[in-house]
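Chemist: My structure is in my_file-v5.cif, and what it holds is mmCIF, C-alpha atoms and all ligand atoms; chains and numbers go by the auth columns:
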```cif
data_start
#
loop_
_atom_site.group_PDB
_atom_site.id
_atom_site.type_symbol
_atom_site.label_atom_id
_atom_site.label_comp_id
_atom_site.label_asym_id
_atom_site.label_seq_id
_atom_site.Cartn_x
_atom_site.Cartn_y
_atom_site.Cartn_z
_atom_site.B_iso_or_equiv
_atom_site.auth_seq_id
_atom_site.auth_asym_id
ATOM 1 C CA MET A 1 23.423 -46.944 12.316 0.00 1 A
ATOM 2 C CA SER A 2 26.536 -46.105 10.322 0.00 2 A
ATOM 3 C CA ASP A 3 26.177 -43.130 8.014 0.00 3 A
ATOM 4 C CA GLY A 4 28.499 -44.940 5.590 0.00 4 A
ATOM 5 C CA GLY A 5 30.315 -41.674 4.922 0.00 5 A
ATOM 6 C CA TRP A 6 27.062 -40.123 3.695 0.00 6 A
ATOM 7 C CA GLN A 7 27.561 -36.813 5.560 0.00 7 A
ATOM 8 C CA ARG A 8 30.244 -35.662 3.170 0.00 8 A
ATOM 9 C CA VAL A 9 31.097 -37.144 -0.189 0.00 9 A
ATOM 10 C CA ASP A 10 33.768 -35.907 -2.557 0.00 10 A
ATOM 11 C CA ALA A 11 32.083 -36.672 -5.879 0.00 11 A
ATOM 12 C CA GLY A 12 35.067 -35.709 -8.025 0.00 12 A
ATOM 13 C CA ASP A 13 35.959 -32.700 -10.188 0.00 13 A
ATOM 14 C CA GLY A 14 35.384 -30.389 -7.252 0.00 14 A
ATOM 15 C CA VAL A 15 31.784 -31.494 -6.666 0.00 15 A
ATOM 16 C CA LEU A 16 30.929 -31.857 -2.973 0.00 16 A
ATOM 17 C CA LEU A 17 27.859 -33.614 -1.580 0.00 17 A
ATOM 18 C CA ARG A 18 27.283 -32.828 2.053 0.00 18 A
ATOM 19 C CA ARG A 19 24.592 -32.951 4.710 0.00 19 A
ATOM 20 C CA VAL A 20 22.034 -30.241 4.053 0.00 20 A
ATOM 21 C CA ARG A 21 21.737 -27.571 6.743 0.00 21 A
ATOM 22 C CA ALA A 22 19.229 -24.890 7.701 0.00 22 A
ATOM 23 C CA ALA A 23 21.885 -22.329 6.701 0.00 23 A
ATOM 24 C CA ASP A 24 21.589 -23.571 3.108 0.00 24 A
ATOM 25 C CA ALA A 25 18.216 -21.846 2.648 0.00 25 A
ATOM 26 C CA PRO A 26 19.609 -18.918 0.566 0.00 26 A
ATOM 27 C CA GLY A 27 21.399 -21.369 -1.739 0.00 27 A
ATOM 28 C CA VAL A 28 18.223 -23.436 -2.038 0.00 28 A
ATOM 29 C CA LEU A 29 16.194 -20.323 -2.875 0.00 29 A
ATOM 30 C CA ALA A 30 18.647 -19.364 -5.639 0.00 30 A
ATOM 31 C CA VAL A 31 17.930 -22.711 -7.316 0.00 31 A
ATOM 32 C CA HIS A 32 14.338 -23.494 -6.339 0.00 32 A
ATOM 33 C CA GLY A 33 13.185 -19.912 -6.777 0.00 33 A
ATOM 34 C CA ASP A 34 13.941 -20.154 -10.510 0.00 34 A
ATOM 35 C CA PRO A 35 10.733 -21.065 -12.404 0.00 35 A
ATOM 36 C CA ARG A 36 12.785 -23.000 -14.983 0.00 36 A
ATOM 37 C CA VAL A 37 13.587 -25.525 -12.272 0.00 37 A
ATOM 38 C CA TYR A 38 9.851 -26.201 -11.784 0.00 38 A
ATOM 39 C CA ALA A 39 8.779 -25.939 -15.412 0.00 39 A
ATOM 40 C CA LEU A 40 6.309 -28.822 -14.976 0.00 40 A
ATOM 41 C CA ASP A 41 5.141 -27.721 -11.505 0.00 41 A
ATOM 42 C CA PRO A 42 5.202 -23.903 -11.573 0.00 42 A
ATOM 43 C CA HIS A 43 3.194 -23.557 -8.352 0.00 43 A
ATOM 44 C CA GLU A 44 6.069 -25.203 -6.444 0.00 44 A
ATOM 45 C CA THR A 45 8.580 -22.479 -7.319 0.00 45 A
ATOM 46 C CA HIS A 46 9.875 -20.995 -4.065 0.00 46 A
ATOM 47 C CA ARG A 47 8.526 -17.525 -3.391 0.00 47 A
ATOM 48 C CA ASP A 48 10.930 -16.320 -0.725 0.00 48 A
ATOM 49 C CA LEU A 49 13.477 -17.378 1.905 0.00 49 A
ATOM 50 C CA ALA A 50 10.744 -18.466 4.327 0.00 50 A
ATOM 51 C CA HIS A 51 9.452 -20.839 1.650 0.00 51 A
ATOM 52 C CA SER A 52 12.919 -22.388 1.222 0.00 52 A
ATOM 53 C CA ARG A 53 13.351 -22.687 5.000 0.00 53 A
ATOM 54 C CA ARG A 54 10.039 -24.559 5.292 0.00 54 A
ATOM 55 C CA PHE A 55 11.000 -26.750 2.348 0.00 55 A
ATOM 56 C CA LEU A 56 14.199 -27.799 4.128 0.00 56 A
ATOM 57 C CA GLU A 57 12.540 -28.710 7.420 0.00 57 A
ATOM 58 C CA PRO A 58 11.473 -32.293 6.564 0.00 58 A
ATOM 59 C CA MET A 59 14.898 -32.927 5.011 0.00 59 A
ATOM 60 C CA LEU A 60 16.638 -31.796 8.192 0.00 60 A
ATOM 61 C CA ARG A 61 14.325 -34.025 10.247 0.00 61 A
ATOM 62 C CA HIS A 62 15.086 -36.978 7.992 0.00 62 A
ATOM 63 C CA TRP A 63 18.830 -36.445 8.473 0.00 63 A
ATOM 64 C CA ALA A 64 18.414 -36.159 12.252 0.00 64 A
ATOM 65 C CA ARG A 65 16.374 -39.353 12.414 0.00 65 A
ATOM 66 C CA HIS A 66 18.137 -41.575 9.875 0.00 66 A
ATOM 67 C CA GLY A 67 21.677 -40.194 9.537 0.00 67 A
ATOM 68 C CA PHE A 68 21.384 -39.753 5.768 0.00 68 A
ATOM 69 C CA GLY A 69 19.156 -37.908 3.341 0.00 69 A
ATOM 70 C CA TYR A 70 19.317 -35.330 0.600 0.00 70 A
ATOM 71 C CA TRP A 71 22.641 -33.610 0.093 0.00 71 A
ATOM 72 C CA ALA A 72 23.404 -29.994 -0.617 0.00 72 A
ATOM 73 C CA VAL A 73 25.244 -30.279 -3.920 0.00 73 A
ATOM 74 C CA LEU A 74 28.102 -27.790 -4.164 0.00 74 A
ATOM 75 C CA VAL A 75 30.035 -27.198 -7.368 0.00 75 A
ATOM 76 C CA PRO A 76 33.111 -25.163 -8.275 0.00 76 A
ATOM 77 C CA LEU A 77 32.478 -21.444 -8.598 0.00 77 A
ATOM 78 C CA ASP A 78 33.308 -21.413 -12.311 0.00 78 A
ATOM 79 C CA TRP A 79 30.325 -23.703 -13.013 0.00 79 A
ATOM 80 C CA TRP A 80 28.041 -20.873 -11.937 0.00 80 A
ATOM 81 C CA PRO A 81 29.845 -17.623 -11.058 0.00 81 A
ATOM 82 C CA ASP A 82 26.532 -15.996 -10.047 0.00 82 A
ATOM 83 C CA GLY A 83 25.566 -18.851 -7.732 0.00 83 A
ATOM 84 C CA VAL A 84 25.182 -18.532 -3.977 0.00 84 A
ATOM 85 C CA PRO A 85 28.387 -19.448 -2.123 0.00 85 A
ATOM 86 C CA GLY A 86 28.445 -22.337 0.324 0.00 86 A
ATOM 87 C CA THR A 87 27.904 -21.526 3.950 0.00 87 A
ATOM 88 C CA ARG A 88 31.598 -21.218 4.845 0.00 88 A
ATOM 89 C CA ALA A 89 30.248 -21.710 8.343 0.00 89 A
ATOM 90 C CA GLU A 90 32.338 -23.421 10.952 0.00 90 A
ATOM 91 C CA GLU A 91 30.277 -26.594 10.580 0.00 91 A
ATOM 92 C CA ALA A 92 30.852 -26.759 6.825 0.00 92 A
ATOM 93 C CA PRO A 93 34.464 -25.693 6.323 0.00 93 A
ATOM 94 C CA ASP A 94 34.800 -27.764 3.158 0.00 94 A
ATOM 95 C CA ASP A 95 32.393 -25.611 1.168 0.00 95 A
ATOM 96 C CA GLY A 96 35.311 -23.367 0.300 0.00 96 A
ATOM 97 C CA THR A 97 34.584 -21.279 -2.779 0.00 97 A
ATOM 98 C CA ARG A 98 31.956 -23.676 -4.104 0.00 98 A
ATOM 99 C CA VAL A 99 28.406 -22.591 -4.908 0.00 99 A
ATOM 100 C CA HIS A 100 25.049 -24.267 -4.358 0.00 100 A
ATOM 101 C CA ALA A 101 23.898 -26.156 -7.459 0.00 101 A
ATOM 102 C CA GLY A 102 20.853 -27.779 -5.842 0.00 102 A
ATOM 103 C CA LEU A 103 19.799 -30.805 -3.826 0.00 103 A
ATOM 104 C CA GLY A 104 20.053 -34.515 -4.473 0.00 104 A
ATOM 105 C CA GLY A 105 20.144 -37.831 -2.673 0.00 105 A
ATOM 106 C CA LEU A 106 17.894 -40.374 -1.012 0.00 106 A
ATOM 107 C CA GLN A 107 15.136 -40.319 1.568 0.00 107 A
ATOM 108 C CA HIS A 108 12.861 -43.002 2.950 0.00 108 A
ATOM 109 C CA TYR A 109 9.491 -42.970 1.204 0.00 109 A
ATOM 110 C CA LEU A 110 6.360 -45.017 1.827 0.00 110 A
ATOM 111 C CA MET A 111 4.889 -45.765 -1.594 0.00 111 A
ATOM 112 C CA ALA A 112 1.461 -47.397 -1.509 0.00 112 A
ATOM 113 C CA GLY A 113 2.469 -49.268 1.666 0.00 113 A
ATOM 114 C CA GLU A 114 5.905 -50.232 0.367 0.00 114 A
ATOM 115 C CA GLN A 115 9.033 -48.814 2.023 0.00 115 A
ATOM 116 C CA VAL A 116 11.433 -47.560 -0.667 0.00 116 A
ATOM 117 C CA LEU A 117 14.134 -44.933 -1.093 0.00 117 A
ATOM 118 C CA ASN A 118 13.126 -41.862 -3.071 0.00 118 A
ATOM 119 C CA VAL A 119 15.791 -40.416 -5.352 0.00 119 A
ATOM 120 C CA TYR A 120 15.798 -36.641 -5.652 0.00 120 A
ATOM 121 C CA VAL A 121 17.723 -34.384 -8.045 0.00 121 A
ATOM 122 C CA ARG A 122 17.032 -30.743 -8.861 0.00 122 A
ATOM 123 C CA PHE A 123 19.730 -28.425 -10.127 0.00 123 A
ATOM 124 C CA ALA A 124 20.164 -24.830 -11.268 0.00 124 A
ATOM 125 C CA PRO A 125 19.904 -24.377 -15.047 0.00 125 A
ATOM 126 C CA ALA A 126 23.481 -23.015 -15.137 0.00 126 A
ATOM 127 C CA THR A 127 24.773 -26.344 -13.829 0.00 127 A
ATOM 128 C CA GLN A 128 22.573 -28.678 -15.898 0.00 128 A
ATOM 129 C CA GLY A 129 23.829 -30.823 -18.755 0.00 129 A
ATOM 130 C CA ARG A 130 27.264 -31.428 -17.213 0.00 130 A
ATOM 131 C CA GLY A 131 26.591 -34.870 -15.801 0.00 131 A
ATOM 132 C CA LEU A 132 25.756 -33.645 -12.299 0.00 132 A
ATOM 133 C CA ALA A 133 22.589 -35.742 -11.995 0.00 133 A
ATOM 134 C CA ARG A 134 24.484 -38.783 -13.269 0.00 134 A
ATOM 135 C CA ARG A 135 27.185 -38.186 -10.652 0.00 135 A
ATOM 136 C CA VAL A 136 24.743 -37.720 -7.773 0.00 136 A
ATOM 137 C CA ILE A 137 22.489 -40.655 -8.687 0.00 137 A
ATOM 138 C CA ASN A 138 25.415 -43.009 -9.240 0.00 138 A
ATOM 139 C CA THR A 139 26.850 -42.012 -5.867 0.00 139 A
ATOM 140 C CA ALA A 140 23.500 -42.532 -4.152 0.00 140 A
ATOM 141 C CA VAL A 141 23.022 -45.947 -5.788 0.00 141 A
ATOM 142 C CA ARG A 142 26.516 -47.058 -4.791 0.00 142 A
ATOM 143 C CA MET A 143 26.132 -45.881 -1.189 0.00 143 A
ATOM 144 C CA ALA A 144 22.487 -46.854 -0.595 0.00 144 A
ATOM 145 C CA PRO A 145 23.310 -50.313 0.838 0.00 145 A
ATOM 146 C CA THR A 146 25.504 -48.693 3.488 0.00 146 A
ATOM 147 C CA VAL A 147 22.630 -46.652 4.946 0.00 147 A
ATOM 148 C CA ALA A 148 19.433 -48.514 4.032 0.00 148 A
ATOM 149 C CA PRO A 149 20.183 -52.010 2.758 0.00 149 A
ATOM 150 C CA GLY A 150 17.533 -54.076 1.025 0.00 150 A
ATOM 151 C CA LEU A 151 15.341 -51.232 -0.173 0.00 151 A
ATOM 152 C CA ASP A 152 14.493 -50.517 -3.793 0.00 152 A
ATOM 153 C CA LEU A 153 15.239 -47.031 -5.124 0.00 153 A
ATOM 154 C CA VAL A 154 12.566 -45.089 -7.010 0.00 154 A
ATOM 155 C CA VAL A 155 12.548 -42.004 -9.192 0.00 155 A
ATOM 156 C CA ARG A 156 9.125 -40.356 -9.301 0.00 156 A
ATOM 157 C CA THR A 157 8.646 -37.652 -11.864 0.00 157 A
ATOM 158 C CA ARG A 158 6.148 -36.078 -14.225 0.00 158 A
ATOM 159 C CA PRO A 159 5.672 -38.318 -17.262 0.00 159 A
ATOM 160 C CA ALA A 160 6.712 -35.371 -19.467 0.00 160 A
ATOM 161 C CA ASN A 161 10.034 -34.924 -17.639 0.00 161 A
ATOM 162 C CA ALA A 162 12.193 -36.472 -20.364 0.00 162 A
ATOM 163 C CA ALA A 163 15.531 -35.381 -18.872 0.00 163 A
ATOM 164 C CA THR A 164 14.822 -37.004 -15.505 0.00 164 A
ATOM 165 C CA ARG A 165 13.582 -40.193 -17.154 0.00 165 A
ATOM 166 C CA ARG A 166 16.699 -40.274 -19.305 0.00 166 A
ATOM 167 C CA VAL A 167 18.993 -39.789 -16.304 0.00 167 A
ATOM 168 C CA ALA A 168 17.187 -42.500 -14.324 0.00 168 A
ATOM 169 C CA GLU A 169 17.171 -45.037 -17.148 0.00 169 A
ATOM 170 C CA ARG A 170 20.836 -44.417 -17.786 0.00 170 A
ATOM 171 C CA ALA A 171 21.481 -45.312 -14.115 0.00 171 A
ATOM 172 C CA GLY A 172 19.638 -48.604 -14.564 0.00 172 A
ATOM 173 C CA PHE A 173 16.150 -47.664 -13.331 0.00 173 A
ATOM 174 C CA VAL A 174 13.275 -49.415 -15.089 0.00 174 A
ATOM 175 C CA ASP A 175 10.126 -47.563 -16.153 0.00 175 A
ATOM 176 C CA GLU A 176 7.103 -49.065 -14.354 0.00 176 A
ATOM 177 C CA GLY A 177 4.482 -46.686 -15.734 0.00 177 A
ATOM 178 C CA LEU A 178 2.440 -44.663 -13.270 0.00 178 A
ATOM 179 C CA GLU A 179 3.235 -44.572 -9.556 0.00 179 A
ATOM 180 C CA PRO A 180 0.602 -46.668 -7.741 0.00 180 A
ATOM 181 C CA GLY A 181 -2.246 -44.489 -6.564 0.00 181 A
ATOM 182 C CA THR A 182 -1.404 -41.591 -8.895 0.00 182 A
ATOM 183 C CA THR A 183 -2.530 -40.502 -12.321 0.00 183 A
ATOM 184 C CA ASP A 184 0.236 -37.986 -12.986 0.00 184 A
ATOM 185 C CA MET A 185 3.529 -39.405 -11.679 0.00 185 A
ATOM 186 C CA ALA A 186 5.827 -41.739 -13.565 0.00 186 A
ATOM 187 C CA LEU A 187 7.675 -44.364 -11.532 0.00 187 A
ATOM 188 C CA LEU A 188 11.120 -45.734 -12.339 0.00 188 A
ATOM 189 C CA ARG A 189 12.622 -48.371 -10.074 0.00 189 A
ATOM 190 C CA LEU A 190 16.011 -49.871 -9.334 0.00 190 A
ATOM 191 C CA SER A 191 15.985 -53.111 -7.333 0.00 191 A
ATOM 192 C CA ALA A 192 17.846 -52.874 -4.023 0.00 192 A
ATOM 193 C CA PRO A 193 21.517 -52.425 -4.919 0.00 193 A
ATOM 194 C CA VAL A 194 24.108 -54.609 -3.216 0.00 194 A
ATOM 195 C CA VAL A 195 27.443 -53.473 -1.840 0.00 195 A
ATOM 196 C CA ASP A 196 30.093 -53.368 -4.547 0.00 196 A
ATOM 197 C CA PRO A 197 33.095 -55.216 -3.060 0.00 197 A
ATOM 198 C CA ALA A 198 35.370 -53.184 -5.335 0.00 198 A
ATOM 199 C CA GLY A 199 34.091 -50.076 -3.565 0.00 199 A
HETATM 200 C C1 LIG B . 16.653 -33.429 -14.629 0.00 201 B
HETATM 201 C C2 LIG B . 17.958 -32.867 -14.075 0.00 201 B
HETATM 202 C C3 LIG B . 18.066 -33.229 -12.605 0.00 201 B
HETATM 203 C C4 LIG B . 19.121 -33.446 -14.849 0.00 201 B
HETATM 204 O O1 LIG B . 20.329 -32.959 -14.282 0.00 201 B
HETATM 205 P P1 LIG B . 21.671 -32.793 -15.144 0.00 201 B
HETATM 206 O O2 LIG B . 22.795 -32.643 -14.218 0.00 201 B
HETATM 207 O O3 LIG B . 21.450 -31.759 -16.165 0.00 201 B
HETATM 208 O O4 LIG B . 21.712 -34.238 -15.851 0.00 201 B
HETATM 209 P P2 LIG B . 22.929 -34.906 -16.629 0.00 201 B
HETATM 210 O O5 LIG B . 23.795 -33.831 -17.213 0.00 201 B
HETATM 211 O O6 LIG B . 23.577 -35.928 -15.750 0.00 201 B
HETATM 212 O O7 LIG B . 22.169 -35.690 -17.779 0.00 201 B
HETATM 213 C C5 LIG B . 21.140 -35.094 -18.514 0.00 201 B
HETATM 214 C C6 LIG B . 20.663 -36.106 -19.532 0.00 201 B
HETATM 215 O O8 LIG B . 19.326 -35.776 -19.936 0.00 201 B
HETATM 216 C C7 LIG B . 19.301 -35.584 -21.314 0.00 201 B
HETATM 217 N N1 LIG B . 18.291 -34.584 -21.594 0.00 201 B
HETATM 218 C C8 LIG B . 18.302 -33.280 -21.241 0.00 201 B
HETATM 219 N N2 LIG B . 17.168 -32.694 -21.666 0.00 201 B
HETATM 220 C C9 LIG B . 16.430 -33.657 -22.263 0.00 201 B
HETATM 221 C C10 LIG B . 15.179 -33.692 -22.895 0.00 201 B
HETATM 222 N N3 LIG B . 14.421 -32.600 -22.975 0.00 201 B
HETATM 223 N N4 LIG B . 14.739 -34.863 -23.408 0.00 201 B
HETATM 224 C C11 LIG B . 15.482 -35.989 -23.305 0.00 201 B
HETATM 225 N N5 LIG B . 16.701 -36.019 -22.711 0.00 201 B
HETATM 226 C C12 LIG B . 17.151 -34.864 -22.206 0.00 201 B
HETATM 227 C C13 LIG B . 20.702 -35.169 -21.695 0.00 201 B
HETATM 228 O O9 LIG B . 20.969 -35.408 -23.061 0.00 201 B
HETATM 229 C C14 LIG B . 21.517 -36.077 -20.779 0.00 201 B
HETATM 230 O O10 LIG B . 21.559 -37.393 -21.266 0.00 201 B
HETATM 231 P P3 LIG B . 22.930 -37.960 -21.956 0.00 201 B
HETATM 232 O O11 LIG B . 24.006 -37.813 -20.934 0.00 201 B
HETATM 233 O O12 LIG B . 22.612 -39.372 -22.263 0.00 201 B
HETATM 234 O O13 LIG B . 23.143 -37.097 -23.153 0.00 201 B
HETATM 235 C C15 LIG B . 18.020 -31.332 -14.237 0.00 201 B
HETATM 236 O O14 LIG B . 17.783 -31.028 -15.600 0.00 201 B
HETATM 237 C C16 LIG B . 17.012 -30.593 -13.394 0.00 201 B
HETATM 238 O O15 LIG B . 17.297 -30.283 -12.248 0.00 201 B
HETATM 239 N N6 LIG B . 15.821 -30.299 -13.950 0.00 201 B
HETATM 240 C C17 LIG B . 14.798 -29.547 -13.274 0.00 201 B
HETATM 241 C C18 LIG B . 14.268 -30.227 -12.047 0.00 201 B
HETATM 242 C C19 LIG B . 13.752 -31.617 -12.275 0.00 201 B
HETATM 243 O O16 LIG B . 13.042 -31.864 -13.239 0.00 201 B
HETATM 244 N N7 LIG B . 14.127 -32.503 -11.347 0.00 201 B
HETATM 245 C C20 LIG B . 13.623 -33.839 -11.286 0.00 201 B
HETATM 246 C C21 LIG B . 12.376 -33.828 -10.459 0.00 201 B
HETATM 247 S S1 LIG B . 11.718 -35.456 -10.282 0.00 201 B
#
```
Do you think you could lay out the structure here as structure tokens?

Modeler:
Amino acid sequence: MSDGGWQRVDAGDGVLLRRVRAADAPGVLAVHGDPRVYALDPHETHRDLAHSRRFLEPMLRHWARHGFGYWAVLVPLDWWPDGVPGTRAEEAPDDGTRVHAGLGGLQHYLMAGEQVLNVYVRFAPATQGRGLARRVINTAVRMAPTVAPGLDLVVRTRPANAATRRVAERAGFVDEGLEPGTTDMALLRLSAPVVDPAG
């Protein structure tokens, strides 16, 4: 299967989306260890580096199996001067002086027996409100047909998560009420996008 360029995407204005790696755990902890990032699910706040490493494991497996998945989202240093620098490792030379802003992208998800693509976005407070979620979701929607054609995209979030609902609706997702089989997750859906011939 082609990765459709998914491994590394220049998202403009210095924002880089690239394959997430085990070495990203410290950057993930800097974001996911902040209770403000899990305001509606405080128990999910990462406690330590081991927690972030475990959190990454299924994402790394998804990448290995499907050739796409959630990206590490890296932003210019001046967006968050206190952020954790990219890996600068040999395998990720493009990180440069960017810092980890969070994770975002698509993964396969089986929802009440239906195969869909789950959209994920979670960013450090210092980087929120600058259109990062819009950028990542629009990129994922545009590229989805290149990696997993014919599948609907879903955003699943707490009903009270107004910012996520706003971001999803702005990208064209339609509110379907509660996720089937749940009592506490809102579901927003975008019908399977088609390839944009204009690129
Ligand atoms: C939700 C989240 C991903 C949005 O990322 P972001 O990069 O700040 O989003 P953007 O800047 O692209 O857009 C934010 C939009 O939400 C709106 N918004 C922000 N807070 C809001 C609120 N409390 N109520 C309603 N809308 C809100 C903004 O006005 C903006 O909409 P606009 O562009 O039409 O003005 C980010 O806030 C985040 O990571 N939150 C914590 C984790 C989380 O909830 N993740 C989703 C889990 S399902």

Chemist: Starting from the displayed file, determine the output of the PyMOL selection byres (((chain A and resi 47) around 10) and not hetatm) and express the residue list as a list in words.

Modeler: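 For this structure, the PyMOL selection byres (((chain A and resi 47) around 10) and not hetatm) captures Leu29, His32, Gly33, Asp34, Pro35, His43, Glu44, Thr45, His46, Asp48, Leu49, Ala50, His51 and Ser52 of chain A.
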
Chemist: Show me which residues are within 10 Å of ligand LIG 201 (chain B) counting all atoms listed in the file, and format the list as a PDB file with C-alpha atoms, in the frame of the given file.

Modeler:
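Saved the output as result15.pdb:
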```
ATOM      1  CA  VAL A  31      17.930 -22.711  -7.316  1.00  0.00           C
ATOM      2  CA  HIS A  32      14.338 -23.494  -6.339  1.00  0.00           C
ATOM      3  CA  ASP A  34      13.941 -20.154 -10.510  1.00  0.00           C
ATOM      4  CA  PRO A  35      10.733 -21.065 -12.404  1.00  0.00           C
ATOM      5  CA  ARG A  36      12.785 -23.000 -14.983  1.00  0.00           C
ATOM      6  CA  VAL A  37      13.587 -25.525 -12.272  1.00  0.00           C
ATOM      7  CA  TYR A  38       9.851 -26.201 -11.784  1.00  0.00           C
ATOM      8  CA  ALA A  39       8.779 -25.939 -15.412  1.00  0.00           C
ATOM      9  CA  LEU A  40       6.309 -28.822 -14.976  1.00  0.00           C
ATOM     10  CA  ASP A  41       5.141 -27.721 -11.505  1.00  0.00           C
ATOM     11  CA  ALA A 101      23.898 -26.156  -7.459  1.00  0.00           C
ATOM     12  CA  GLY A 102      20.853 -27.779  -5.842  1.00  0.00           C
ATOM     13  CA  LEU A 103      19.799 -30.805  -3.826  1.00  0.00           C
ATOM     14  CA  GLY A 104      20.053 -34.515  -4.473  1.00  0.00           C
ATOM     15  CA  ASN A 118      13.126 -41.862  -3.071  1.00  0.00           C
ATOM     16  CA  VAL A 119      15.791 -40.416  -5.352  1.00  0.00           C
ATOM     17  CA  TYR A 120      15.798 -36.641  -5.652  1.00  0.00           C
ATOM     18  CA  VAL A 121      17.723 -34.384  -8.045  1.00  0.00           C
ATOM     19  CA  ARG A 122      17.032 -30.743  -8.861  1.00  0.00           C
ATOM     20  CA  PHE A 123      19.730 -28.425 -10.127  1.00  0.00           C
ATOM     21  CA  ALA A 124      20.164 -24.830 -11.268  1.00  0.00           C
ATOM     22  CA  PRO A 125      19.904 -24.377 -15.047  1.00  0.00           C
ATOM     23  CA  ALA A 126      23.481 -23.015 -15.137  1.00  0.00           C
ATOM     24  CA  THR A 127      24.773 -26.344 -13.829  1.00  0.00           C
ATOM     25  CA  GLN A 128      22.573 -28.678 -15.898  1.00  0.00           C
ATOM     26  CA  GLY A 129      23.829 -30.823 -18.755  1.00  0.00           C
ATOM     27  CA  ARG A 130      27.264 -31.428 -17.213  1.00  0.00           C
ATOM     28  CA  GLY A 131      26.591 -34.870 -15.801  1.00  0.00           C
ATOM     29  CA  LEU A 132      25.756 -33.645 -12.299  1.00  0.00           C
ATOM     30  CA  ALA A 133      22.589 -35.742 -11.995  1.00  0.00           C
ATOM     31  CA  ARG A 134      24.484 -38.783 -13.269  1.00  0.00           C
ATOM     32  CA  ARG A 135      27.185 -38.186 -10.652  1.00  0.00           C
ATOM     33  CA  VAL A 136      24.743 -37.720  -7.773  1.00  0.00           C
ATOM     34  CA  ILE A 137      22.489 -40.655  -8.687  1.00  0.00           C
ATOM     35  CA  ASN A 138      25.415 -43.009  -9.240  1.00  0.00           C
ATOM     36  CA  VAL A 155      12.548 -42.004  -9.192  1.00  0.00           C
ATOM     37  CA  ARG A 156       9.125 -40.356  -9.301  1.00  0.00           C
ATOM     38  CA  THR A 157       8.646 -37.652 -11.864  1.00  0.00           C
ATOM     39  CA  ARG A 158       6.148 -36.078 -14.225  1.00  0.00           C
ATOM     40  CA  PRO A 159       5.672 -38.318 -17.262  1.00  0.00           C
ATOM     41  CA  ALA A 160       6.712 -35.371 -19.467  1.00  0.00           C
ATOM     42  CA  ASN A 161      10.034 -34.924 -17.639  1.00  0.00           C
ATOM     43  CA  ALA A 162      12.193 -36.472 -20.364  1.00  0.00           C
ATOM     44  CA  ALA A 163      15.531 -35.381 -18.872  1.00  0.00           C
ATOM     45  CA  THR A 164      14.822 -37.004 -15.505  1.00  0.00           C
ATOM     46  CA  ARG A 165      13.582 -40.193 -17.154  1.00  0.00           C
ATOM     47  CA  ARG A 166      16.699 -40.274 -19.305  1.00  0.00           C
ATOM     48  CA  VAL A 167      18.993 -39.789 -16.304  1.00  0.00           C
ATOM     49  CA  ALA A 168      17.187 -42.500 -14.324  1.00  0.00           C
ATOM     50  CA  GLU A 169      17.171 -45.037 -17.148  1.00  0.00           C
ATOM     51  CA  ARG A 170      20.836 -44.417 -17.786  1.00  0.00           C
ATOM     52  CA  ALA A 171      21.481 -45.312 -14.115  1.00  0.00           C
ATOM     53  CA  MET A 185       3.529 -39.405 -11.679  1.00  0.00           C
ATOM     54  CA  ALA A 186       5.827 -41.739 -13.565  1.00  0.00           C
ATOM     55  CA  LEU A 187       7.675 -44.364 -11.532  1.00  0.00           C
TER      56      LEU A 187
END
```

Chemist: Give as number ranges by chain the residues that the PyMOL selection byres (((chain A and resi 62-70) around 12) and not hetatm) matches when applied to the coordinates above.

Modeler: A: 1-9, 17-22, 56-61, 71-73, 102-109, 117-122, 136-137, 139-140, 143-148

Chemist: Any idea what's packed within 7 Å of stretch 94-100 of chain A, counting only C-alpha atoms, ignoring anything in its chain fewer than 3 positions away? Could you give it as a list in words?

Modeler: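 Selected residues are Gly27, Val73, Leu74, Val75, Pro76, Leu77, Gly83, Val84, Pro85, Gly86, Thr87 and Arg88 of chain A.
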
Chemist: Mind dumping the selected residues with C-alpha atoms as a short mmCIF file (atom, residue, chain, number, x, y, z; two decimals), in the frame of the given file?

Modeler:
```cif
data_model
loop_
_atom_site.label_atom_id
_atom_site.label_comp_id
_atom_site.auth_asym_id
_atom_site.auth_seq_id
_atom_site.Cartn_x
_atom_site.Cartn_y
_atom_site.Cartn_z
CA GLY A 27 21.40 -21.37 -1.74
CA VAL A 73 25.24 -30.28 -3.92
CA LEU A 74 28.10 -27.79 -4.16
CA VAL A 75 30.04 -27.20 -7.37
CA PRO A 76 33.11 -25.16 -8.28
CA LEU A 77 32.48 -21.44 -8.60
CA GLY A 83 25.57 -18.85 -7.73
CA VAL A 84 25.18 -18.53 -3.98
CA PRO A 85 28.39 -19.45 -2.12
CA GLY A 86 28.44 -22.34 0.32
CA THR A 87 27.90 -21.53 3.95
CA ARG A 88 31.60 -21.22 4.84
#
```

Chemist: If the PyMOL selection byres (((chain A and resi 153) around 6) and not hetatm) is run on the structure shown, which residues does it catch, given as JSON, numbers by chain?

Modeler: {"A": [116, 117, 118, 152, 154, 189, 190]}

Chemist: Considering all atoms listed in the file, state which residue in the set A:Leu110, A:Arg54, A:Pro93, A:Pro81 is at the smallest distance from A:Leu16.

Modeler: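 Comparing A:Leu110, A:Arg54, A:Pro93, A:Pro81 against A:Leu16, the winner is A:Pro93.
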
Chemist: For atom CA of A:Phe173 and atom CA of A:Glu114, determine how far apart the two atoms are, in Å to one decimal place.

Modeler: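 Separation between atom CA of A:Phe173 and atom CA of A:Glu114: 17.3 Å.
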
Chemist: Would you mind reading off the distance between atom CA of A:Ala192 and atom CA of A:Glu179, one decimal, in Å?

Modeler: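 Those two atoms sit 17.7 Å apart.
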
Chemist: Find, counting all atoms listed in the file, the residue in A:Ala30, A:Asp82, A:Ala112, A:Pro193 that gets nearest to A:Pro180.

Modeler: A:Ala112
